[in-house]
Amino acid sequence: MRKIADSDGPATWMVPNYTALDVTDIDFAALAKKGVTRVALDVDGTLLPAGHLGRAADAFLNHINDAQKKGYITHLAIATNRFSLLARMAADWIKADAIISGSFLTRKPSKKYYDKVHLALGGSPDEMVMIGD
C-alpha cells in the first residue's frame, strides 16, 4: 500500500501497490521472490465472487492450493469483517491457519484490524499481503 494525497484537501488515501483483474492473475511465485509468503484473503467479492460458489471459486482455490504446494504461500488466513459459515467453509477449503474477523470497532480497513491480521500471520509486515476487493 502507498499513500496518495487528495487534491481537494489534506486527506490521504491508501491505495494498493498491485492490482489484478482476477484473483487467478496473482503471481504468488513473484511475490515469494520478494519475500511475501504470508497471505490474508477476503472472502466475499474476492475468494468467492459476490458470495457465489462455482467455477471462479474453483479456479482460485486451485490457484491457492498450487501456490501452497510449491511453497509460495507459507501462512494463510481468511480476513473478513463478518464471521460467517461461508468464511469457515473457505478457510477449510484453503487450509487457512486462521480466520480474522472484524468487530464493530475493529474492521477493515482500520489499522487495528490489519494489526490483528499481522499478529495472526506472524513475520514482518514486509512478508505479508492482503488480497481483497
# chains A, B, ... in the order shown; residues from 1 in each chain; ligands from 1
>>> residues_around(residues="Ala29 in chain A", least_positions_apart="6", cutoff="9 Å", atoms="only C-alpha atoms", output="list in words")
Ala67, Lys70, Gly71, Tyr72 and Ile73 of chain A
>>> residues_around(residues="range 77-93 of chain A", least_positions_apart="6", cutoff="9 Å", atoms="only C-alpha atoms", output="PDB file with C-alpha atoms, in the first residue's frame")
ATOM      1  CA  ARG A  38       2.056 -14.678   4.229  1.00  0.00           C
ATOM      2  CA  VAL A  39      -1.355 -14.140   2.673  1.00  0.00           C
ATOM      3  CA  ALA A  40      -4.629 -12.821   4.068  1.00  0.00           C
ATOM      4  CA  LEU A  41      -7.695 -13.260   1.872  1.00  0.00           C
ATOM      5  CA  ASP A  42     -11.058 -11.578   1.990  1.00  0.00           C
ATOM      6  CA  VAL A  43     -13.982 -13.907   1.244  1.00  0.00           C
ATOM      7  CA  ASP A  44     -16.964 -12.027  -0.178  1.00  0.00           C
ATOM      8  CA  LEU A  47     -12.275 -15.534  -2.899  1.00  0.00           C
ATOM      9  CA  LEU A  48     -15.937 -16.164  -3.639  1.00  0.00           C
ATOM     10  CA  GLY A  51     -20.769 -14.867  -2.446  1.00  0.00           C
ATOM     11  CA  LEU A  61      -8.992 -22.438  -4.855  1.00  0.00           C
ATOM     12  CA  ASN A  65      -3.596 -24.789  -3.334  1.00  0.00           C
ATOM     13  CA  ILE A  99      -9.817 -16.617  10.418  1.00  0.00           C
ATOM     14  CA  ILE A 100      -9.521 -12.980  11.430  1.00  0.00           C
ATOM     15  CA  SER A 101     -12.943 -11.447  11.791  1.00  0.00           C
ATOM     16  CA  GLY A 102     -13.758  -7.817  12.353  1.00  0.00           C
ATOM     17  CA  SER A 103     -15.831  -6.296  15.104  1.00  0.00           C
ATOM     18  CA  PHE A 104     -17.846  -3.122  15.399  1.00  0.00           C
ATOM     19  CA  THR A 106     -12.026  -3.146  14.609  1.00  0.00           C
ATOM     20  CA  ARG A 107     -12.744  -3.876  10.969  1.00  0.00           C
ATOM     21  CA  LYS A 108     -11.231  -3.395   7.555  1.00  0.00           C
ATOM     22  CA  VAL A 117      -4.008  -9.830  10.671  1.00  0.00           C
ATOM     23  CA  ALA A 120      -2.206 -13.921  13.216  1.00  0.00           C
ATOM     24  CA  LEU A 121       0.157 -14.370  10.257  1.00  0.00           C
ATOM     25  CA  MET A 130      -3.806  -8.625   1.952  1.00  0.00           C
ATOM     26  CA  ILE A 131      -5.920  -9.686  -1.028  1.00  0.00           C
ATOM     27  CA  GLY A 132      -9.373  -8.164  -1.238  1.00  0.00           C
TER      28      GLY A 132
END
>>> closest_residue(among="A:Ile94, A:Thr74, A:Lys111, A:Thr19", to="Ala57 in chain A", atoms="only C-alpha atoms")
A:Ile94
>>> closest_residue(among="A:Asp25, A:Ile64, A:Ala32, A:Val129", to="Lys95 in chain A", atoms="only C-alpha atoms")
A:Ile64
>>> atom_distance(atom1="CA of Lys33 in chain A", atom2="CA of Asp58 in chain A")
25.6 Å
>>> atom_distance(atom1="CA of Ser124 in chain A", atom2="CA of Ala59 in chain A")
29.2 Å
>>> atom_distance(atom1="CA of Leu76 in chain A", atom2="CA of Asp97 in chain A")
5.5 Å
>>> select_by_dssp(residues="range 10-128 of chain A", states="strand (DSSP E or B)", output="list in words")
Thr12, Trp13, Met14, Val15, Arg38, Val39, Ala40, Leu41, Asp44, Leu48, His75, Leu76, Ala77, Ile78, Ala79, Thr80, Ala98, Ile99, Ile100, Ser101 and Met128 of chain A
